[in-house]
>>> print(open('query.txt').read())   # compact mmCIF, C-alpha atoms
# COMPACT_ATOMS: atom_id res chain seq x y z
CA MET A 8 -19.94 13.83 5.27
CA SER A 9 -18.63 12.47 8.57
CA PRO A 10 -15.17 10.82 8.72
CA LEU A 11 -16.89 7.51 9.47
CA SER A 12 -18.85 7.59 6.23
CA ALA A 13 -16.27 9.31 3.94
CA ASP A 14 -15.83 7.48 0.62
CA ARG A 15 -12.94 5.10 0.25
CA LEU A 16 -11.06 5.61 -3.02
CA LEU A 17 -8.72 2.88 -4.27
CA VAL A 18 -6.54 3.99 -7.17
CA SER A 19 -4.09 1.86 -9.16
CA VAL A 20 -1.27 3.94 -10.64
CA ALA A 21 0.54 2.73 -13.77
CA PRO A 22 2.61 4.79 -16.21
CA ASP A 23 -0.11 4.80 -18.86
CA CYS A 24 -3.32 4.71 -16.85
CA ILE A 25 -4.93 5.01 -13.45
CA GLY A 26 -7.80 2.79 -12.33
CA LEU A 27 -10.25 4.13 -9.82
CA VAL A 28 -12.62 2.22 -7.52
CA ARG A 29 -14.87 4.28 -5.22
CA MET A 30 -16.49 2.58 -2.25
CA ARG A 31 -19.16 4.04 -0.04
CA GLY A 32 -21.04 3.13 3.13
CA ILE A 33 -20.46 1.95 6.67
CA LEU A 34 -20.61 -1.66 7.96
CA ARG A 35 -20.41 -3.05 4.43
CA ARG A 36 -19.03 -0.83 1.69
CA ALA A 37 -20.51 -0.92 -1.80
CA VAL A 38 -18.63 -0.13 -5.00
CA VAL A 39 -20.31 2.97 -6.46
CA GLU A 40 -17.86 3.77 -9.25
CA GLU A 41 -15.18 2.07 -11.34
CA ARG A 42 -13.32 4.06 -13.93
CA ARG A 43 -10.11 3.81 -15.94
CA ILE A 44 -8.33 6.97 -17.11
CA ALA A 45 -5.63 6.69 -19.77
CA CYS A 46 -2.63 8.99 -19.63
CA ALA A 47 0.55 9.54 -21.57
CA PRO A 48 3.59 7.92 -19.90
CA GLY A 49 6.25 10.35 -18.76
CA PRO A 50 9.90 10.38 -19.89
CA ALA A 51 12.16 7.41 -19.16
CA ASP A 52 13.50 8.91 -15.91
CA ARG A 53 10.03 9.93 -14.70
CA PRO A 54 7.61 7.42 -16.26
CA TRP A 55 4.96 8.20 -13.63
CA GLU A 56 4.58 11.88 -14.52
CA GLY A 57 1.51 11.46 -16.70
CA ALA A 58 -0.21 9.27 -14.10
CA VAL A 59 0.45 11.82 -11.34
CA GLN A 60 -1.12 14.56 -13.47
CA ALA A 61 -4.17 12.38 -14.17
CA LEU A 62 -4.42 11.63 -10.44
CA ARG A 63 -4.26 15.34 -9.62
CA GLU A 64 -7.21 16.01 -11.94
CA VAL A 65 -9.29 13.15 -10.54
CA ILE A 66 -8.64 14.14 -6.92
CA GLY A 67 -9.45 17.77 -7.69
CA GLN A 68 -12.87 16.79 -9.11
CA GLY A 69 -13.92 14.38 -6.38
CA GLY A 70 -15.38 14.96 -2.93
CA PRO A 71 -14.19 13.85 0.54
CA ALA A 72 -12.49 10.48 0.46
CA ARG A 73 -9.78 8.43 2.11
CA VAL A 74 -7.47 7.49 -0.74
CA THR A 75 -5.19 4.47 -1.11
CA LEU A 76 -2.84 4.35 -4.08
CA VAL A 77 -1.59 1.01 -5.42
CA LEU A 78 1.58 1.32 -7.45
CA SER A 79 1.94 -0.80 -10.57
CA ASN A 80 4.92 -3.15 -10.54
CA ARG A 81 6.08 -1.20 -13.58
CA LEU A 82 6.95 1.59 -11.11
CA VAL A 83 8.37 -0.59 -8.33
CA ARG A 84 11.39 -2.89 -8.08
CA TYR A 85 11.76 -5.70 -5.60
CA ALA A 86 14.72 -7.48 -4.07
CA LEU A 87 15.26 -10.14 -1.46
CA VAL A 88 17.34 -9.17 1.55
CA PRO A 89 18.77 -12.20 3.36
CA ASP A 90 18.93 -12.01 7.11
CA ASP A 91 22.22 -10.68 8.47
CA PRO A 92 22.74 -10.98 12.25
CA GLY A 93 25.44 -8.29 12.05
CA VAL A 94 22.88 -5.67 11.05
CA SER A 95 20.92 -3.86 13.73
CA GLY A 96 18.54 -0.93 13.57
CA ARG A 97 16.38 0.44 10.78
CA GLU A 98 19.11 2.48 9.09
CA GLU A 99 21.47 -0.46 8.79
CA GLU A 100 18.66 -2.66 7.49
CA LEU A 101 17.83 -0.16 4.75
CA ALA A 102 21.52 0.24 3.92
CA LEU A 103 21.74 -3.53 3.46
CA ALA A 104 18.65 -3.46 1.25
CA ARG A 105 20.18 -0.65 -0.83
CA PHE A 106 23.34 -2.70 -1.22
CA HIS A 107 21.32 -5.57 -2.69
CA PHE A 108 19.45 -3.23 -5.06
CA THR A 109 22.72 -1.68 -6.21
CA ARG A 110 24.16 -5.12 -6.81
CA ILE A 111 21.23 -5.92 -9.11
CA HIS A 112 20.48 -2.57 -10.75
CA GLY A 113 23.69 -0.58 -10.51
CA GLU A 114 24.43 2.90 -9.23
CA ARG A 115 21.00 4.32 -10.07
CA ALA A 116 19.61 2.30 -7.14
CA LYS A 117 21.40 4.62 -4.75
CA ALA A 118 18.81 7.32 -5.48
CA TRP A 119 15.73 5.14 -4.92
CA SER A 120 13.33 5.33 -1.98
CA LEU A 121 13.27 1.97 -0.20
CA ARG A 122 10.94 0.08 2.10
CA LEU A 123 11.74 -3.22 3.82
CA GLY A 124 9.06 -5.69 4.88
CA GLY A 125 8.83 -9.15 6.36
CA ALA A 126 9.89 -10.73 9.62
CA VAL A 127 13.30 -10.07 11.17
CA GLY A 128 15.39 -13.21 11.22
CA ALA A 129 14.06 -14.42 7.85
CA THR A 130 14.76 -13.42 4.24
CA ARG A 131 12.87 -10.17 3.77
CA LEU A 132 11.38 -8.39 0.80
CA ALA A 133 12.38 -4.85 -0.13
CA SER A 134 10.72 -2.46 -2.56
CA ALA A 135 12.23 0.53 -4.34
CA VAL A 136 10.65 3.43 -6.21
CA ASP A 137 12.04 6.58 -7.78
CA ALA A 138 12.89 8.96 -4.92
CA GLU A 139 10.65 11.73 -6.31
CA LEU A 140 7.59 9.54 -6.77
CA PRO A 141 6.14 9.53 -3.19
CA ASP A 142 6.32 13.32 -2.92
CA ALA A 143 4.89 13.74 -6.43
CA LEU A 144 1.92 11.57 -5.43
CA ARG A 145 1.38 13.55 -2.21
CA GLY A 146 1.55 16.75 -4.24
CA ALA A 147 -1.51 15.62 -6.22
CA PHE A 148 -3.65 16.15 -3.10
CA PRO A 149 -4.56 19.80 -2.48
CA ARG A 150 -4.19 20.96 1.12
CA THR A 151 -7.70 22.33 1.30
CA GLY A 152 -9.46 19.49 -0.51
CA GLY A 153 -11.57 16.81 1.09
CA ALA A 154 -9.51 13.89 -0.26
CA ARG A 155 -6.87 12.55 2.09
CA LEU A 156 -4.02 10.26 1.08
CA VAL A 157 -3.83 7.47 3.66
CA SER A 158 -1.66 4.85 1.96
CA VAL A 159 0.72 4.32 -0.97
CA GLN A 160 1.28 0.61 -1.48
CA PRO A 161 3.22 -1.34 -4.09
CA TYR A 162 0.95 -3.80 -5.91
CA PHE A 163 2.85 -6.66 -4.31
CA MET A 164 2.07 -5.44 -0.79
CA ALA A 165 -1.62 -4.83 -1.51
CA ALA A 166 -2.15 -8.17 -3.25
CA PHE A 167 -0.20 -10.23 -0.70
CA ASN A 168 -2.01 -8.71 2.28
CA ALA A 169 -5.37 -9.27 0.56
CA VAL A 170 -4.77 -12.95 -0.16
CA ARG A 171 -2.33 -14.11 2.55
CA GLY A 172 -5.12 -16.03 4.26
CA ALA A 173 -5.22 -18.34 1.24
CA LEU A 174 -1.43 -18.84 1.09
CA ARG A 175 -1.14 -21.82 3.41
CA GLU A 176 1.48 -23.88 1.60
CA LEU A 177 4.72 -23.33 -0.29
CA GLY A 178 4.12 -21.82 -3.68
CA TRP A 179 4.32 -18.98 -6.16
CA LEU A 180 2.36 -15.74 -5.93
CA VAL A 181 1.92 -14.48 -9.50
CA LEU A 182 0.80 -10.89 -10.09
CA VAL A 183 -0.12 -10.02 -13.67
CA GLU A 184 -0.86 -6.60 -15.13
CA PRO A 185 -0.55 -5.12 -18.61
CA GLY A 186 3.14 -5.15 -19.48
CA ARG A 187 4.43 -6.79 -16.30
CA ALA A 188 4.37 -10.01 -14.31
CA CYS A 189 5.79 -10.40 -10.81
CA LEU A 190 6.59 -13.89 -9.53
CA ALA A 191 7.47 -14.58 -5.90
CA LEU A 192 8.12 -17.88 -4.16
CA LEU A 193 7.18 -17.91 -0.53
CA SER A 194 7.97 -20.30 2.27
CA PRO A 195 7.66 -20.39 6.07
CA ALA A 196 11.28 -19.21 6.23
CA GLY A 197 10.38 -16.04 4.32
CA TRP A 198 10.69 -15.12 0.70
CA HIS A 199 12.68 -17.47 -1.46
CA ALA A 200 12.62 -15.77 -4.88
CA VAL A 201 11.15 -12.67 -6.50
CA GLN A 202 11.27 -11.66 -10.16
CA SER A 203 9.55 -8.82 -11.96
CA LEU A 204 9.41 -9.46 -15.70
CA ARG A 205 8.43 -7.30 -18.63
CA LEU A 206 5.70 -8.71 -20.86
CA ASP A 207 5.68 -7.82 -24.52
CA ALA A 208 2.76 -7.75 -26.94
CA GLU A 209 1.85 -11.37 -26.15
CA GLY A 210 1.00 -10.31 -22.62
CA CYS A 211 -0.44 -12.97 -20.29
CA ALA A 212 0.38 -15.78 -22.73
CA GLN A 213 4.06 -15.40 -21.80
CA VAL A 214 3.54 -15.81 -18.06
CA PRO A 215 3.33 -19.63 -17.88
CA GLY A 216 6.69 -19.90 -19.66
CA HIS A 217 8.27 -17.31 -17.35
CA LEU A 218 6.94 -19.13 -14.29
CA GLU A 219 8.25 -22.48 -15.50
CA ARG A 220 11.72 -20.98 -16.07
CA GLU A 221 11.78 -19.23 -12.68
CA ALA A 222 10.64 -22.37 -10.92
CA LEU A 223 13.45 -24.37 -12.55
CA ARG A 224 16.00 -21.66 -11.79
CA SER A 225 15.05 -20.85 -8.19
CA ALA A 226 13.61 -24.08 -6.86
CA PRO A 227 13.90 -27.03 -9.24
CA GLU A 228 12.61 -29.40 -6.55
CA GLY A 229 10.19 -26.83 -5.26
CA PRO A 230 6.41 -26.78 -5.24
CA ARG A 231 4.43 -26.51 -8.45
CA ARG A 232 1.72 -24.48 -6.80
CA ALA A 233 0.62 -21.01 -7.89
CA TRP A 234 -1.84 -18.31 -6.84
CA VAL A 235 -2.58 -15.92 -9.71
CA HIS A 236 -3.84 -12.37 -9.23
CA GLY A 237 -4.76 -9.87 -11.93
CA ALA A 238 -5.35 -12.27 -14.84
CA ARG A 239 -6.72 -15.70 -15.66
CA LEU A 240 -3.93 -18.15 -16.48
CA ALA A 241 -3.82 -21.75 -17.55
CA LEU A 242 -0.63 -23.54 -16.54
CA ALA A 243 0.42 -26.75 -18.26
CA GLY A 244 1.59 -29.94 -16.64
CA ASP A 245 1.21 -30.67 -12.94
CA TRP A 246 0.82 -27.09 -11.73
CA ARG A 247 -1.96 -26.54 -9.18
CA VAL A 248 -3.42 -23.09 -9.72
CA SER A 249 -5.73 -20.96 -7.60
CA GLN A 250 -7.24 -18.03 -9.47
CA LEU A 251 -7.54 -14.97 -7.28
CA ASP A 252 -9.16 -11.73 -8.47
CA ASP A 253 -8.84 -11.44 -12.26
CA SER A 254 -11.25 -8.53 -12.71
CA ALA A 255 -10.30 -5.42 -14.69
CA PHE A 256 -9.79 -3.45 -11.46
CA ALA A 257 -8.08 -6.21 -9.48
CA MET A 258 -5.00 -4.10 -8.69
CA ALA A 259 -7.00 -1.29 -7.11
CA ARG A 260 -9.54 -3.56 -5.41
CA CYS A 261 -6.96 -5.64 -3.54
CA ALA A 262 -6.15 -2.63 -1.31
CA GLY A 263 -9.79 -2.46 -0.17
CA MET B 3 1.71 -31.30 2.82
CA SER B 4 1.20 -29.66 6.22
CA ALA B 5 -0.42 -26.22 6.16
CA MET B 6 1.65 -23.12 6.89
CA ALA B 7 0.49 -20.72 9.56
CA ARG B 8 -1.02 -17.52 8.18
CA LEU B 9 1.84 -15.28 7.08
CA PRO B 10 2.09 -11.85 8.77
CA LYS B 11 1.15 -8.72 6.84
CA LEU B 12 3.74 -7.18 4.56
CA HIS B 13 4.35 -3.48 5.13
CA LEU B 14 6.03 -1.58 2.28
CA ASP B 15 3.87 1.54 2.54
CA TYR B 16 5.27 4.88 1.35
CA GLN B 17 2.67 6.90 3.25
CA ALA B 18 1.24 5.11 6.29
CA ALA B 19 3.20 3.94 9.31
CA PRO B 20 2.86 0.27 10.34
CA ALA B 21 -0.52 -0.49 11.89
CA ARG B 22 0.84 -1.65 15.26
CA GLY B 23 -0.26 1.61 16.93
CA ARG B 24 -3.77 1.32 15.52
CA ALA B 25 -4.18 -2.22 16.81
CA LEU B 26 -3.19 -1.03 20.27
CA GLY B 27 -5.66 1.83 19.99
CA VAL B 28 -8.48 -0.51 19.02
CA ALA B 29 -7.62 -2.80 21.93
CA ALA B 30 -7.62 0.17 24.32
CA LEU B 31 -11.01 1.27 22.97
CA ALA B 32 -12.46 -2.22 23.41
CA LEU B 33 -11.15 -2.41 26.98
CA SER B 34 -12.55 1.04 27.76
CA LEU B 35 -15.98 0.13 26.41
CA GLY B 36 -15.94 -3.07 28.42
CA ALA B 37 -14.96 -1.19 31.57
CA THR B 38 -17.73 1.35 30.92
CA VAL B 39 -20.33 -1.40 30.70
CA VAL B 40 -19.07 -2.98 33.91
CA VAL B 41 -19.13 0.35 35.77
CA LEU B 42 -22.63 1.21 34.55
CA GLU B 43 -23.93 -2.24 35.47
CA ARG B 44 -22.43 -1.78 38.96
CA TYR B 45 -24.02 1.67 39.17
CA ARG B 46 -27.39 0.16 38.32
CA ASP B 47 -26.99 -2.55 40.96
CA ILE B 48 -26.03 0.02 43.59
CA ARG B 49 -28.98 2.17 42.65
CA LEU B 50 -31.34 -0.78 43.03
CA GLU B 51 -29.79 -1.55 46.40
CA ILE B 52 -30.31 2.05 47.50
CA GLU B 53 -33.95 1.85 46.45
CA ARG B 54 -34.39 -1.37 48.46
CA VAL B 55 -32.79 0.20 51.50
CA GLU B 56 -34.92 3.33 51.10
CA ALA B 57 -38.04 1.22 50.81
CA ALA B 58 -37.11 -0.78 53.87
CA ARG B 59 -36.37 2.41 55.77
CA GLY B 60 -39.75 3.70 54.66
CA LEU B 61 -41.45 0.74 56.32
CA LEU B 62 -39.65 1.51 59.58
CA ALA B 63 -39.91 5.34 59.48
CA PRO B 64 -42.28 6.48 56.75
CA ALA B 65 -42.12 10.19 57.78
CA ARG B 66 -38.41 10.48 56.86
CA VAL B 67 -38.75 9.94 53.06
CA THR B 68 -37.09 12.81 51.12
CA ALA B 69 -37.15 13.49 47.35
CA PRO B 70 -33.84 13.09 45.48
CA SER B 71 -32.03 16.33 44.45
CA PRO B 72 -32.58 17.63 40.89
CA ARG B 73 -28.90 17.02 40.08
CA LEU B 74 -29.11 13.39 41.21
CA GLU B 75 -32.29 12.93 39.16
CA GLN B 76 -30.50 14.28 36.10
CA ASP B 77 -27.53 11.97 36.61
CA LEU B 78 -29.79 8.98 37.09
CA LYS B 79 -31.70 9.75 33.87
CA ALA B 80 -28.45 10.11 31.92
CA ALA B 81 -27.11 6.81 33.24
CA ASP B 82 -30.41 5.10 32.46
CA ALA B 83 -30.26 6.42 28.90
CA VAL B 84 -26.73 5.04 28.41
CA LEU B 85 -27.74 1.67 29.85
CA ALA B 86 -30.73 1.58 27.52
CA GLN B 87 -28.48 2.23 24.52
CA LEU B 88 -26.04 -0.46 25.60
CA ALA B 89 -28.89 -2.90 26.13
CA LEU B 90 -30.06 -2.62 22.51
CA PRO B 91 -29.84 -5.85 20.48
CA TRP B 92 -26.85 -4.60 18.48
CA ALA B 93 -26.04 -7.97 16.98
CA SER B 94 -29.51 -8.38 15.43
CA ILE B 95 -29.61 -4.76 14.22
CA VAL B 96 -26.23 -5.09 12.51
CA ASN B 97 -27.15 -8.52 11.08
CA ALA B 98 -30.43 -7.15 9.70
CA VAL B 99 -28.76 -4.15 8.09
CA GLU B 100 -25.82 -6.17 6.71
CA SER B 101 -28.01 -8.91 5.28
CA ALA B 102 -30.06 -6.31 3.40
CA ALA B 103 -26.93 -4.76 1.86
CA LYS B 104 -26.32 -5.17 -1.89
CA PRO B 105 -23.74 -3.58 -4.23
CA ASP B 106 -26.30 -1.03 -5.48
CA VAL B 107 -27.16 0.37 -2.02
CA ALA B 108 -24.66 1.93 0.40
CA LEU B 109 -25.50 2.60 4.06
CA LEU B 110 -24.38 6.09 5.10
CA GLN B 111 -25.79 6.52 8.62
CA MET B 112 -27.36 4.47 11.39
CA GLN B 113 -29.05 6.08 14.45
CA PRO B 114 -30.71 3.81 16.95
CA ASP B 115 -33.16 5.28 19.48
CA ALA B 116 -33.24 3.06 22.54
CA ARG B 117 -36.16 4.78 24.22
CA ALA B 118 -38.44 4.60 21.20
CA ARG B 119 -36.94 1.22 20.17
CA GLN B 120 -36.45 2.49 16.65
CA VAL B 121 -33.56 2.77 14.24
CA ARG B 122 -33.12 5.45 11.57
CA LEU B 123 -30.98 4.59 8.54
CA GLY B 124 -29.57 6.95 5.92
CA ALA B 125 -28.54 5.31 2.65
CA GLU B 126 -27.81 5.86 -1.03
CA ALA B 127 -29.20 3.75 -3.87
CA ARG B 128 -28.28 3.72 -7.53
CA THR B 129 -31.93 3.50 -8.63
CA GLU B 130 -35.43 3.74 -7.19
CA LYS B 131 -35.85 0.01 -7.80
CA ALA B 132 -32.72 -0.68 -5.69
CA MET B 133 -34.09 1.55 -2.91
CA LEU B 134 -37.45 -0.24 -2.79
CA ALA B 135 -35.79 -3.66 -2.89
CA TYR B 136 -33.59 -2.60 0.05
CA LEU B 137 -36.67 -1.58 2.08
CA ARG B 138 -38.25 -4.95 1.34
CA ARG B 139 -35.13 -6.85 2.44
CA LEU B 140 -34.96 -4.86 5.68
CA GLY B 141 -38.56 -5.79 6.42
CA GLU B 142 -37.81 -9.45 5.77
CA SER B 143 -34.79 -9.40 8.08
CA GLY B 144 -36.64 -10.57 11.19
CA ALA B 145 -35.15 -7.97 13.54
CA LEU B 146 -37.01 -4.93 12.18
CA ALA B 147 -40.71 -4.19 11.79
CA GLU B 148 -42.77 -1.33 10.30
CA VAL B 149 -39.96 -0.48 7.92
CA HIS B 150 -40.94 2.64 6.04
CA LEU B 151 -39.45 5.35 3.90
CA VAL B 152 -39.29 8.71 5.65
CA SER B 153 -37.73 10.78 2.86
CA HIS B 154 -35.88 10.42 -0.42
CA GLN B 155 -34.11 12.78 -2.80
CA VAL B 156 -32.38 12.41 -6.16
CA VAL B 157 -28.88 13.89 -6.07
CA VAL B 158 -29.02 15.86 -9.32
CA GLU B 159 -25.44 17.22 -8.94
CA ASP B 160 -24.07 13.69 -9.32
CA PRO B 161 -24.03 12.57 -12.97
CA GLN B 162 -25.15 9.09 -11.89
CA ARG B 163 -28.14 10.66 -10.05
CA PRO B 164 -28.21 8.37 -7.02
CA ILE B 165 -31.07 8.54 -4.51
CA HIS B 166 -30.39 9.53 -0.91
CA PHE B 167 -33.10 8.20 1.37
CA THR B 168 -34.00 7.79 5.07
CA VAL B 169 -35.67 4.72 6.54
CA LEU B 170 -37.32 4.36 9.94
CA ALA B 171 -37.94 0.94 11.48
CA ARG B 172 -39.09 -0.43 14.80
CA LEU B 173 -36.94 -2.93 16.65
CA LYS B 174 -38.82 -6.15 17.15
CA ASP B 175 -38.94 -7.46 20.69
CA PRO B 176 -36.71 -10.50 21.17
CA ALA B 177 -38.57 -13.78 20.91
>>> encode(input="query.txt", output="structure tokens")
Amino acid sequence: MSPLSADRLLVSVAPDCIGLVRMRGILRRAVVEERRIACAPGPADRPWEGAVQALREVIGQGGPARVTLVLSNRLVRYALVPDDPGVSGREEELALARFHFTRIHGERAKAWSLRLGGAVGATRLASAVDAELPDALRGAFPRTGGARLVSVQPYFMAAFNAVRGALRELGWLVLVEPGRACLALLSPAGWHAVQSLRLDAEGCAQVPGHLEREALRSAPEGPRRAWVHGARLALAGDWRVSQLDDSAFAMARCAG
Amino acid sequence: MSAMARLPKLHLDYQAAPARGRALGVAALALSLGATVVVLERYRDIRLEIERVEAARGLLAPARVTAPSPRLEQDLKAADAVLAQLALPWASIVNAVESAAKPDVALLQMQPDARARQVRLGAEARTEKAMLAYLRRLGESGALAEVHLVSHQVVVEDPQRPIHFTVLARLKDPA
């Protein structure tokens, strides 16, 4: 199979399952496989261990493919990093981001692997994952196999980049997955608020209440406008809602 | 409320570097292809001019006509072949193939033949019915004629048993 026509494999990685979408073809790719594989979550300090093992088995069985992994928000933390004119260079920027994560999450944040995105001069968005996770994911790809890891993206990055064309006014991007909701308020000046919230057994039904509380806390006079990805939500009152992908494999598909 | 400009991409990737380099590479490729077309078009114009001059010279001194060298002939044939490929109606071929695409058929290969004015497609279908429907849609596309199946094979190693098949079609002359 030539590099031009190698399959594209989009894999969502959560502590208790991986979701796989295989796409094939040139010019216009068709989905040829969708599959969910359950796995046992790892221990508290390495919750991703079971998912990495399941990924290793799937990659070992498949043929040539360019693979993009989308990390569940249950494995990623986010923080806003306000612009600081006194900071220059990549290292200082990351140090500032780490400072903000430590302020929120304590000393354990010092061991996380960080990425910083968004425009310089505006409030930026940073992500953090366990330091061992990226290497563990790379280790799931055998050197001699045909599958090649091309991207490891937090769910927030994949979903935002997929739908940013639709985000043309102030509002909330709401990402929903089993056990987690991520709410982010965006504006032309950059990111205004981001919160990642655990969902209990009620699941999606809790999200409207969380969004209402965050909107009151972060921007009481702010827009009541929401784009929802990963689930179908009904918001009460004067909220204007755009439903983005709410399919079972929305998290993996948004990286396609 | 006034619309915001499209927000720039967010890059938080733990594997890939930012795509700035790729965008530059694509731009360089596009410029190179454009320059190639311009150079080949100029080559063709010069060649035509040479032929006109040769013909005119022939009218004045017909005994001095000499045959071109084998190497020059070879170069001219190669350049003609490239020009023929570039002159193919790419937009209508791509439109025809894209409009026939459905979720149950994936295009794997596309080989146009400028000299024969044909295109050979390799594809994979989930079922025989999907394969035949794809052939029918290609034929209805308007850009392709005499669409026919050259070969097909069930991939028995794949549990879903898809069908790999090859299609040959003639490029219709532009209206």
>>> atom_distance(input="query.txt", atom1="atom CA of Val39 of chain B", atom2="atom CA of Ala81 of chain B")
10.9 Å
>>> interface_residues(input="query.txt", of="chain B", to="chain A", cutoff="9 Å", atoms="all atoms listed in the file", output="PDB file with C-alpha atoms, keeping the file's coordinate frame")
ATOM      1  CA  MET B   3       1.710 -31.300   2.820  1.00  0.00           C
ATOM      2  CA  SER B   4       1.200 -29.660   6.220  1.00  0.00           C
ATOM      3  CA  ALA B   5      -0.420 -26.220   6.160  1.00  0.00           C
ATOM      4  CA  MET B   6       1.650 -23.120   6.890  1.00  0.00           C
ATOM      5  CA  ALA B   7       0.490 -20.720   9.560  1.00  0.00           C
ATOM      6  CA  ARG B   8      -1.020 -17.520   8.180  1.00  0.00           C
ATOM      7  CA  LEU B   9       1.840 -15.280   7.080  1.00  0.00           C
ATOM      8  CA  PRO B  10       2.090 -11.850   8.770  1.00  0.00           C
ATOM      9  CA  LYS B  11       1.150  -8.720   6.840  1.00  0.00           C
ATOM     10  CA  LEU B  12       3.740  -7.180   4.560  1.00  0.00           C
ATOM     11  CA  HIS B  13       4.350  -3.480   5.130  1.00  0.00           C
ATOM     12  CA  LEU B  14       6.030  -1.580   2.280  1.00  0.00           C
ATOM     13  CA  ASP B  15       3.870   1.540   2.540  1.00  0.00           C
ATOM     14  CA  TYR B  16       5.270   4.880   1.350  1.00  0.00           C
ATOM     15  CA  GLN B  17       2.670   6.900   3.250  1.00  0.00           C
ATOM     16  CA  ALA B  18       1.240   5.110   6.290  1.00  0.00           C
ATOM     17  CA  ALA B  19       3.200   3.940   9.310  1.00  0.00           C
ATOM     18  CA  VAL B  96     -26.230  -5.090  12.510  1.00  0.00           C
ATOM     19  CA  VAL B  99     -28.760  -4.150   8.090  1.00  0.00           C
ATOM     20  CA  GLU B 100     -25.820  -6.170   6.710  1.00  0.00           C
ATOM     21  CA  ALA B 103     -26.930  -4.760   1.860  1.00  0.00           C
ATOM     22  CA  LYS B 104     -26.320  -5.170  -1.890  1.00  0.00           C
ATOM     23  CA  PRO B 105     -23.740  -3.580  -4.230  1.00  0.00           C
ATOM     24  CA  ASP B 106     -26.300  -1.030  -5.480  1.00  0.00           C
ATOM     25  CA  VAL B 107     -27.160   0.370  -2.020  1.00  0.00           C
ATOM     26  CA  ALA B 108     -24.660   1.930   0.400  1.00  0.00           C
ATOM     27  CA  LEU B 109     -25.500   2.600   4.060  1.00  0.00           C
ATOM     28  CA  LEU B 110     -24.380   6.090   5.100  1.00  0.00           C
ATOM     29  CA  GLN B 111     -25.790   6.520   8.620  1.00  0.00           C
ATOM     30  CA  MET B 112     -27.360   4.470  11.390  1.00  0.00           C
ATOM     31  CA  ALA B 125     -28.540   5.310   2.650  1.00  0.00           C
ATOM     32  CA  GLU B 126     -27.810   5.860  -1.030  1.00  0.00           C
ATOM     33  CA  ARG B 128     -28.280   3.720  -7.530  1.00  0.00           C
TER      34      ARG B 128
END
>>> residues_around(input="query.txt", residues="Leu134 of chain B", least_positions_apart="5", cutoff="10 Å", atoms="all atoms listed in the file", output="number ranges by chain")
B: 127, 129, 139-140, 150-151
>>> residues_around(input="query.txt", residues="Glu221 of chain A", least_positions_apart="2", cutoff="10 Å", atoms="all atoms listed in the file", output="number ranges by chain")
A: 179, 190-192, 200-202, 215-219, 223-227
>>> atom_distance(input="query.txt", atom1="atom CA of His154 of chain B", atom2="atom CA of Arg172 of chain B")
19.0 Å
>>> atom_distance(input="query.txt", atom1="atom CA of Ser94 of chain B", atom2="atom CA of Ala145 of chain B")
6.0 Å
>>> residues_around(input="query.txt", residues="Ala116 of chain B", least_positions_apart="3", cutoff="10 Å", atoms="all atoms listed in the file", output="list in words")
Ala83, Val84, Leu85, Ala86, Gln87, Leu88, Ala89, Leu90, Pro91, Gln113, Arg119, Gln120, Val121 and Leu173 of chain B
>>> residues_around(input="query.txt", residues="Ala238 of chain A", least_positions_apart="4", cutoff="8 Å", atoms="all atoms listed in the file", output="MDAnalysis selection string")
chainID A and resid 182:184 211 252:254
>>> axis_aligned_box(input="query.txt", around="segment 123-126 of chain A", padding_each_side="5 Å", output="AutoDock Vina command-line options")
--center_x 10.3 --center_y -7.0 --center_z 6.7 --size_x 12.9 --size_y 17.5 --size_z 15.8
>>> decode(input="query.txt", residues="segment 111-129 of chain B", atoms="C-alpha atoms", output="JSON list (two decimals), in the first residue's frame")
[["chain", "number", "residue", "atom", "x", "y", "z"],
["B", 111, "GLN", "CA", -5.69, 4.38, -6.88],
["B", 112, "MET", "CA", -6.21, 6.62, -9.88],
["B", 113, "GLN", "CA", -4.05, 6.34, -13.06],
["B", 114, "PRO", "CA", -4.92, 8.56, -15.98],
["B", 115, "ASP", "CA", -3.48, 7.76, -19.43],
["B", 116, "ALA", "CA", -3.32, 10.95, -21.46],
["B", 117, "ARG", "CA", -2.40, 9.30, -24.73],
["B", 118, "ALA", "CA", -5.24, 6.78, -24.65],
["B", 119, "ARG", "CA", -7.55, 9.32, -22.94],
["B", 120, "GLN", "CA", -8.47, 6.75, -20.33],
["B", 121, "VAL", "CA", -8.41, 6.56, -16.57],
["B", 122, "ARG", "CA", -7.88, 3.42, -14.48],
["B", 123, "LEU", "CA", -9.30, 3.38, -10.95],
["B", 124, "GLY", "CA", -8.55, 0.93, -8.15],
["B", 125, "ALA", "CA", -11.13, 0.82, -5.36],
["B", 126, "GLU", "CA", -12.54, -1.22, -2.49],
["B", 127, "ALA", "CA", -16.24, -1.86, -1.88],
["B", 128, "ARG", "CA", -17.96, -3.39, 1.12],
["B", 129, "THR", "CA", -20.30, -5.46, -1.07]]
